[in-house]
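Novice: My file is protein-v3.txt. It has compact mmCIF, C-alpha atoms and all ligand atoms:
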```txt
# COMPACT_ATOMS: atom_id res chain seq x y z
CA MET A 30 86.86 120.33 101.63
CA PRO A 31 84.94 117.60 103.52
CA LEU A 32 87.21 114.92 104.93
CA VAL A 33 86.80 111.69 102.94
CA HIS A 34 89.31 109.77 105.05
CA LYS A 35 89.67 109.46 108.80
CA ALA A 36 91.67 112.03 110.72
CA VAL A 37 94.92 110.51 112.00
CA ILE A 38 96.01 111.35 115.55
CA ALA A 39 99.55 110.02 115.99
CA GLY A 40 101.85 110.02 119.00
CA ASN A 41 105.62 109.92 118.49
CA TRP A 42 107.25 108.74 121.69
CA LYS A 43 110.78 109.44 120.39
CA MET A 44 113.40 107.90 122.76
CA HIS A 45 110.99 107.49 125.67
CA MET A 46 109.30 104.50 127.33
CA THR A 47 110.72 101.19 128.47
CA CYS A 48 108.58 98.09 127.88
CA ALA A 49 107.18 98.33 131.42
CA GLU A 50 106.30 102.00 130.94
CA ALA A 51 104.67 101.27 127.57
CA GLN A 52 102.51 98.58 129.16
CA ALA A 53 101.43 100.90 131.96
CA PHE A 54 100.61 103.59 129.38
CA ALA A 55 98.44 101.15 127.40
CA GLN A 56 96.46 100.15 130.50
CA ALA A 57 95.67 103.74 131.36
CA PHE A 58 95.11 104.85 127.74
CA LEU A 59 92.82 102.13 126.38
CA PRO A 60 89.73 103.09 128.40
CA LEU A 61 90.15 106.69 127.23
CA VAL A 62 89.90 105.72 123.54
CA ALA A 63 87.38 102.89 123.87
CA HIS A 64 84.54 105.03 122.49
CA LEU A 65 86.22 107.29 119.97
CA PRO A 66 84.08 108.78 117.20
CA THR A 67 84.51 106.79 113.98
CA ASP A 68 85.90 109.78 112.05
CA ARG A 69 89.43 109.32 113.41
CA GLU A 70 92.16 106.80 114.04
CA VAL A 71 94.91 106.76 116.63
CA VAL A 72 98.49 105.67 115.99
CA LEU A 73 101.33 105.30 118.52
CA ALA A 74 105.02 105.23 117.56
CA PRO A 75 107.03 103.69 120.41
CA PRO A 76 110.79 103.04 120.27
CA PHE A 77 111.63 99.78 118.44
CA THR A 78 112.19 97.90 121.69
CA ALA A 79 108.63 98.53 122.94
CA ILE A 80 106.86 97.74 119.66
CA ALA A 81 106.17 94.07 120.39
CA ILE A 82 104.80 94.58 123.88
CA LEU A 83 102.71 97.61 122.92
CA SER A 84 101.35 95.81 119.88
CA GLU A 85 100.18 92.99 122.14
CA ALA A 86 98.74 95.36 124.73
CA LEU A 87 96.75 97.28 122.08
CA ALA A 88 95.57 94.26 120.10
CA GLY A 89 91.89 94.57 119.18
CA SER A 90 91.67 98.18 120.37
CA GLY A 91 91.91 99.80 116.94
CA VAL A 92 94.99 101.79 118.01
CA ALA A 93 97.64 101.29 115.33
CA ILE A 94 101.40 101.01 115.79
CA SER A 95 104.00 102.99 113.87
CA ALA A 96 107.76 102.66 113.76
CA GLN A 97 109.85 105.81 114.20
CA ASN A 98 111.94 105.01 111.12
CA VAL A 99 112.47 102.19 108.61
CA HIS A 100 115.40 101.18 106.42
CA TRP A 101 115.00 100.92 102.64
CA GLU A 102 116.58 97.46 102.33
CA GLU A 103 114.88 94.29 103.56
CA LYS A 104 118.09 92.98 105.13
CA GLY A 105 121.84 93.39 104.89
CA ALA A 106 124.91 94.89 106.50
CA TYR A 107 123.24 97.96 108.04
CA THR A 108 124.18 97.88 111.72
CA GLY A 109 121.57 99.46 113.95
CA MET A 110 118.81 99.57 111.34
CA ILE A 111 115.37 97.93 111.16
CA SER A 112 113.59 96.89 107.96
CA ALA A 113 109.95 96.82 106.91
CA PRO A 114 109.54 93.00 107.12
CA MET A 115 110.87 93.11 110.70
CA LEU A 116 108.18 95.66 111.58
CA LEU A 117 105.37 93.81 109.82
CA GLU A 118 106.06 90.77 112.00
CA HIS A 119 104.90 92.83 114.99
CA GLY A 120 101.73 94.23 113.46
CA VAL A 121 103.23 97.64 112.63
CA THR A 122 101.18 99.55 110.03
CA HIS A 123 102.91 102.95 109.79
CA ALA A 124 106.48 104.27 109.73
CA ILE A 125 107.60 107.83 110.43
CA VAL A 126 110.33 108.92 108.02
CA GLY A 127 112.17 112.21 107.54
CA HIS A 128 111.56 113.50 111.06
CA SER A 129 113.62 116.63 111.71
CA GLU A 130 115.59 114.89 114.48
CA PRO A 131 117.19 112.19 112.24
CA ARG A 132 117.52 114.86 109.53
CA LYS A 133 119.53 116.96 112.01
CA TYR A 134 121.42 114.41 114.12
CA TYR A 135 122.11 111.76 111.46
CA SER A 136 122.17 113.99 108.36
CA GLU A 137 119.31 112.19 106.64
CA THR A 138 118.77 113.48 103.12
CA ASP A 139 115.58 113.86 101.12
CA GLU A 140 116.87 111.09 98.84
CA GLN A 141 117.26 108.64 101.75
CA ILE A 142 113.90 109.69 103.14
CA ASN A 143 112.34 108.96 99.77
CA LEU A 144 113.95 105.49 99.69
CA ARG A 145 112.60 104.78 103.18
CA ALA A 146 109.08 105.93 102.27
CA ARG A 147 109.11 103.88 99.06
CA SER A 148 110.22 100.78 100.92
CA ALA A 149 107.47 101.36 103.48
CA GLN A 150 104.80 101.55 100.78
CA ALA A 151 106.24 98.55 98.94
CA HIS A 152 105.66 96.56 102.14
CA ASP A 153 102.18 97.97 102.83
CA LEU A 154 103.31 100.28 105.60
CA ILE A 155 101.94 103.83 105.50
CA PRO A 156 104.83 106.29 105.62
CA ILE A 157 104.37 109.42 107.74
CA VAL A 158 106.80 111.73 105.96
CA CYS A 159 107.78 114.79 108.01
CA VAL A 160 108.65 118.13 106.44
CA GLY A 161 109.19 121.57 107.94
CA GLU A 162 111.36 124.65 108.11
CA SER A 163 113.80 125.86 110.76
CA LEU A 164 113.41 129.23 112.49
CA ASP A 165 116.24 130.70 110.39
CA GLN A 166 114.56 129.53 107.22
CA ARG A 167 111.21 131.00 108.31
CA GLU A 168 112.81 134.32 109.22
CA ALA A 169 114.56 134.39 105.83
CA SER A 170 111.17 133.86 104.10
CA GLU A 171 112.35 130.48 102.81
CA THR A 172 109.56 128.40 104.36
CA GLU A 173 107.69 127.65 101.13
CA ARG A 174 110.86 126.95 99.12
CA VAL A 175 112.27 124.55 101.74
CA ILE A 176 109.05 122.59 102.16
CA HIS A 177 108.41 122.50 98.42
CA ARG A 178 111.85 120.89 97.95
CA GLN A 179 111.24 118.38 100.75
CA VAL A 180 107.89 117.43 99.19
CA GLU A 181 109.24 117.22 95.64
CA GLN A 182 112.27 115.10 96.52
CA GLY A 183 110.98 113.19 99.55
CA LEU A 184 107.65 112.14 98.09
CA GLU A 185 108.73 111.36 94.55
CA GLY A 186 107.08 108.23 93.18
CA LEU A 187 104.88 107.61 96.24
CA ASP A 188 101.21 106.65 96.12
CA PRO A 189 99.41 109.68 97.66
CA CYS A 190 96.48 107.52 98.76
CA ARG A 191 98.69 105.50 101.14
CA LEU A 192 100.68 108.39 102.49
CA ILE A 193 100.65 110.81 105.41
CA VAL A 194 102.64 114.04 105.26
CA ALA A 195 103.33 115.73 108.59
CA TYR A 196 104.07 119.46 108.56
CA GLU A 197 106.36 119.96 111.56
CA PRO A 198 107.94 123.42 111.76
CA ILE A 199 111.21 122.74 113.58
CA TRP A 200 110.87 125.87 115.71
CA ALA A 201 107.60 124.53 117.14
CA ILE A 202 108.93 121.07 118.10
CA GLY A 203 109.38 120.65 121.84
CA THR A 204 109.37 124.41 122.38
CA GLY A 205 105.80 124.98 123.51
CA LYS A 206 105.40 127.38 120.55
CA THR A 207 102.56 126.02 118.46
CA CYS A 208 102.34 127.44 114.99
CA ALA A 209 99.14 129.52 114.76
CA ALA A 210 96.37 127.25 113.55
CA SER A 211 95.66 129.45 110.53
CA GLU A 212 99.33 129.43 109.45
CA ALA A 213 99.62 125.66 109.98
CA ASN A 214 96.49 125.30 107.84
CA ARG A 215 97.97 127.51 105.11
CA ILE A 216 101.14 125.40 104.89
CA CYS A 217 99.19 122.13 105.03
CA GLY A 218 97.08 123.42 102.12
CA LEU A 219 100.22 124.26 100.13
CA ILE A 220 101.58 120.76 100.79
CA ARG A 221 98.32 119.20 99.60
CA GLY A 222 98.56 121.27 96.42
CA TRP A 223 102.20 120.29 95.82
CA VAL A 224 101.41 116.61 96.36
CA GLY A 225 98.67 117.18 93.79
CA HIS A 226 96.15 114.81 95.29
CA PRO A 227 93.25 116.12 97.39
CA GLU A 228 93.00 112.95 99.47
CA VAL A 229 96.54 112.90 100.83
CA ILE A 230 96.44 113.08 104.64
CA VAL A 231 98.31 116.13 105.94
CA GLN A 232 99.06 116.40 109.65
CA TYR A 233 100.39 119.24 111.76
CA GLY A 234 103.03 118.59 114.44
CA GLY A 235 104.87 120.82 116.91
CA SER A 236 103.87 121.39 120.57
CA VAL A 237 100.35 120.03 120.00
CA SER A 238 98.58 119.85 123.38
CA PRO A 239 95.11 119.36 124.85
CA ALA A 240 94.84 123.18 124.84
CA THR A 241 95.51 123.58 121.10
CA ILE A 242 94.07 120.43 119.53
CA ASP A 243 90.50 121.62 119.00
CA ASP A 244 91.58 124.78 117.14
CA LEU A 245 93.95 122.78 114.95
CA MET A 246 91.43 120.09 114.04
CA VAL A 247 88.80 122.63 113.02
CA GLN A 248 91.08 123.78 110.16
CA SER A 249 90.08 122.66 106.68
CA ASP A 250 93.51 121.41 105.55
CA ILE A 251 94.67 119.77 108.79
CA ASP A 252 93.72 116.08 108.71
CA GLY A 253 95.40 115.06 111.93
CA VAL A 254 98.34 115.70 114.23
CA LEU A 255 101.72 114.22 115.09
CA VAL A 256 102.25 114.68 118.81
CA GLY A 257 105.52 114.38 120.71
CA GLY A 258 105.67 115.33 124.40
CA ALA A 259 101.91 115.35 125.01
CA SER A 260 101.62 111.75 123.73
CA LEU A 261 103.68 110.44 126.67
CA ASP A 262 100.89 111.04 129.16
CA PRO A 263 97.78 108.87 128.66
CA LEU A 264 95.43 111.57 129.95
CA SER A 265 96.73 114.32 127.69
CA PHE A 266 96.99 112.07 124.62
CA GLY A 267 93.55 110.70 125.45
CA ARG A 268 92.15 114.24 125.43
CA ILE A 269 93.91 114.94 122.11
CA ALA A 270 92.45 111.77 120.56
CA ASN A 271 89.01 112.87 121.80
CA TYR A 272 89.28 116.30 120.18
CA GLN A 273 86.00 118.10 119.62
CA ALA A 274 84.95 117.60 116.02
CA PRO A 275 83.60 120.64 114.21
CA VAL A 276 79.84 120.63 113.80
CA GLN A 277 79.10 119.91 110.13
CA ALA A 278 76.97 122.58 108.44
P1 LIG B 1 106.34 117.99 120.41
O1 LIG B 1 104.86 117.70 120.33
O2 LIG B 1 106.97 117.53 121.67
O3 LIG B 1 106.63 119.41 120.06
O4 LIG B 1 107.03 117.09 119.26
C1 LIG B 1 106.53 117.14 117.96
C2 LIG B 1 107.18 116.09 117.16
O5 LIG B 1 108.34 116.15 116.84
C3 LIG B 1 106.36 114.92 116.79
O6 LIG B 1 106.99 114.14 115.84
```
Mind turning the file's structure into structure tokens?
Ligand code: 13P

Specialist:
Amino acid sequence: MPLVHKAVIAGNWKMHMTCAEAQAFAQAFLPLVAHLPTDREVVLAPPFTAIAILSEALAGSGVAISAQNVHWEEKGAYTGMISAPMLLEHGVTHAIVGHSEPRKYYSETDEQINLRARSAQAHDLIPIVCVGESLDQREASETERVIHRQVEQGLEGLDPCRLIVAYEPIWAIGTGKTCAASEANRICGLIRGWVGHPEVIVQYGGSVSPATIDDLMVQSDIDGVLVGGASLDPLSFGRIANYQAPVQA
């Protein structure tokens, strides 16, 4: 299917980068993405504390800023949380929700993830909703069932035209084991079918690197990537953002 929207190349910095480090990254990174082809957009998700400074450093560059999570309430007694209006104040346009790390370490449920994604859309933030199976689930042939449930419950009631779904197999995150491009494409295609809207943006994430990006982006159902470790280095993330587009027939 020809891509009708831009590919989305996103970097998730997780708990990395002080404000000073984020500023140094921006200085080195901006020249590398100054002449990107118009068929793609780049998003960076710094920790909350570096959002303001990175947003300023990237102003006018076209590189968008994402939060790494967002609460479903606008304000209230939720110690440690950040709401959508607080993010909007700093020019944030996207919010990652349902990443496997908060699912694992803070027991986030599909229901909470859905509330977060709905709140994001209600405030004009684009949620990047992560789904994916563990190694045990894959080995037990439960991959499709697990992801189908995450899609059904996590994406309920969302507008598919203002949504990114990231397929991140947990066994490929931070392990150096990229899912084979053809298998990542198969799962991304299933997700697109379950969402039921051809234009939903579906990303792949899990050990994406300069060495694997071109093979991933050539796949018909992969509309972008969510990059962890390789997004911390301006040169490697710059190479990923400048992936080689397939020649159109
Ligand atoms: P890595 O690219 O380090 O495997 O991380 C992937 C990820 O979790 C992005 O959200």

Novice: Residues proximal to (92.4, 112.5, 110.0) were defined as those with any atom within 9 Å of that point in the file's coordinates, counting all atoms listed in the file. Which are they, as a list in words?

Specialist: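 Those residues lying close to the given coordinates are Leu32, His34, Lys35, Ala36, Val37, Ile38, Asp68, Arg69, Glu70, Ile230, Val231, Gln232, Met246, Ile251, Asp252, Gly253 and Val254 of chain A.
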
Novice: Tell me which of A:Val92, A:Met115, A:Val247, A:Ile157 sits closest to ligand LIG 1 (chain B), counting only C-alpha atoms and all ligand atoms.

Specialist: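 Under the stated criterion, the closest residue is A:Ile157.
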
Novice: Neighbouring residues of ligand LIG 1 (chain B) are defined here as those with any atom at most 10 Å from a ligand atom, counting all atoms listed in the file; list them as a PyMOL selection string.

Specialist: chain A and resi 39-43+74+97+125-130+157+159+195-207+233-238+254-261

Novice: For each of A:Leu65, A:Leu192, A:Ala274, A:Ile220, take the minimum atom-to-atom distance to Val160 (chain A), counting all atoms listed in the file, then give the residue where this is smallest.

Specialist: A:Ile220

Novice: What is the distance between CA of Ser90 (chain A) and CA of His123 (chain A), in Å to one decimal?

Specialist: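 CA of His123 (chain A) lies 16.2 Å from CA of Ser90 (chain A).
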
Novice: Out of A:Ala96, A:Gln179, A:Ile155, A:Cys190, which residue has the shortest atom-to-atom distance to Arg132 (chain A) when counting all atoms listed in the file?

Specialist: A:Gln179

Novice: Complete region 211-231 of chain A with N, CA and C atoms (output as a PDB file, in the coordinates of the input).

Specialist:
```pdb
ATOM      1  N   SER A 211      95.927 128.971 111.891  1.00  0.00           N
ATOM      2  CA  SER A 211      95.660 129.450 110.530  1.00  0.00           C
ATOM      3  C   SER A 211      96.902 129.316 109.643  1.00  0.00           C
ATOM      4  N   GLU A 212      98.086 129.556 110.220  1.00  0.00           N
ATOM      5  CA  GLU A 212      99.330 129.430 109.450  1.00  0.00           C
ATOM      6  C   GLU A 212      99.638 127.943 109.189  1.00  0.00           C
ATOM      7  N   ALA A 213      99.425 127.102 110.185  1.00  0.00           N
ATOM      8  CA  ALA A 213      99.620 125.660 109.980  1.00  0.00           C
ATOM      9  C   ALA A 213      98.683 125.183 108.868  1.00  0.00           C
ATOM     10  N   ASN A 214      97.472 125.684 108.870  1.00  0.00           N
ATOM     11  CA  ASN A 214      96.490 125.300 107.840  1.00  0.00           C
ATOM     12  C   ASN A 214      96.947 125.768 106.459  1.00  0.00           C
ATOM     13  N   ARG A 215      97.505 126.975 106.401  1.00  0.00           N
ATOM     14  CA  ARG A 215      97.970 127.510 105.110  1.00  0.00           C
ATOM     15  C   ARG A 215      99.072 126.609 104.521  1.00  0.00           C
ATOM     16  N   ILE A 216     100.041 126.230 105.386  1.00  0.00           N
ATOM     17  CA  ILE A 216     101.140 125.400 104.890  1.00  0.00           C
ATOM     18  C   ILE A 216     100.630 123.998 104.527  1.00  0.00           C
ATOM     19  N   CYS A 217      99.745 123.459 105.346  1.00  0.00           N
ATOM     20  CA  CYS A 217      99.190 122.130 105.030  1.00  0.00           C
ATOM     21  C   CYS A 217      98.454 122.165 103.683  1.00  0.00           C
ATOM     22  N   GLY A 218      97.769 123.263 103.411  1.00  0.00           N
ATOM     23  CA  GLY A 218      97.080 123.420 102.120  1.00  0.00           C
ATOM     24  C   GLY A 218      98.070 123.481 100.962  1.00  0.00           C
ATOM     25  N   LEU A 219      99.187 124.190 101.176  1.00  0.00           N
ATOM     26  CA  LEU A 219     100.220 124.260 100.130  1.00  0.00           C
ATOM     27  C   LEU A 219     100.774 122.853  99.858  1.00  0.00           C
ATOM     28  N   ILE A 220     101.039 122.125 100.942  1.00  0.00           N
ATOM     29  CA  ILE A 220     101.580 120.760 100.790  1.00  0.00           C
ATOM     30  C   ILE A 220     100.609 119.904 100.000  1.00  0.00           C
ATOM     31  N   ARG A 221      99.333 119.988 100.324  1.00  0.00           N
ATOM     32  CA  ARG A 221      98.320 119.200  99.600  1.00  0.00           C
ATOM     33  C   ARG A 221      98.367 119.545  98.107  1.00  0.00           C
ATOM     34  N   GLY A 222      98.502 120.835  97.818  1.00  0.00           N
ATOM     35  CA  GLY A 222      98.560 121.270  96.420  1.00  0.00           C
ATOM     36  C   GLY A 222      99.810 120.731  95.731  1.00  0.00           C
ATOM     37  N   TRP A 223     100.949 120.773  96.429  1.00  0.00           N
ATOM     38  CA  TRP A 223     102.200 120.290  95.820  1.00  0.00           C
ATOM     39  C   TRP A 223     102.164 118.768  95.617  1.00  0.00           C
ATOM     40  N   VAL A 224     101.549 118.057  96.546  1.00  0.00           N
ATOM     41  CA  VAL A 224     101.410 116.610  96.360  1.00  0.00           C
ATOM     42  C   VAL A 224     100.492 116.352  95.159  1.00  0.00           C
ATOM     43  N   GLY A 225      99.513 117.247  94.992  1.00  0.00           N
ATOM     44  CA  GLY A 225      98.670 117.180  93.790  1.00  0.00           C
ATOM     45  C   GLY A 225      97.565 116.151  93.903  1.00  0.00           C
ATOM     46  N   HIS A 226      97.240 115.766  95.122  1.00  0.00           N
ATOM     47  CA  HIS A 226      96.150 114.810  95.290  1.00  0.00           C
ATOM     48  C   HIS A 226      95.320 115.246  96.499  1.00  0.00           C
ATOM     49  N   PRO A 227      94.034 115.553  96.301  1.00  0.00           N
ATOM     50  CA  PRO A 227      93.250 116.120  97.390  1.00  0.00           C
ATOM     51  C   PRO A 227      93.098 115.190  98.592  1.00  0.00           C
ATOM     52  N   GLU A 228      93.263 113.876  98.361  1.00  0.00           N
ATOM     53  CA  GLU A 228      93.000 112.950  99.470  1.00  0.00           C
ATOM     54  C   GLU A 228      94.214 112.620 100.322  1.00  0.00           C
ATOM     55  N   VAL A 229      95.373 113.184  99.992  1.00  0.00           N
ATOM     56  CA  VAL A 229      96.540 112.900 100.830  1.00  0.00           C
ATOM     57  C   VAL A 229      96.254 113.427 102.245  1.00  0.00           C
ATOM     58  N   ILE A 230      96.656 112.660 103.248  1.00  0.00           N
ATOM     59  CA  ILE A 230      96.440 113.080 104.640  1.00  0.00           C
ATOM     60  C   ILE A 230      97.596 113.987 105.051  1.00  0.00           C
ATOM     61  N   VAL A 231      97.275 115.190 105.515  1.00  0.00           N
ATOM     62  CA  VAL A 231      98.310 116.130 105.940  1.00  0.00           C
ATOM     63  C   VAL A 231      98.098 116.449 107.413  1.00  0.00           C
TER      64      VAL A 231
END
```
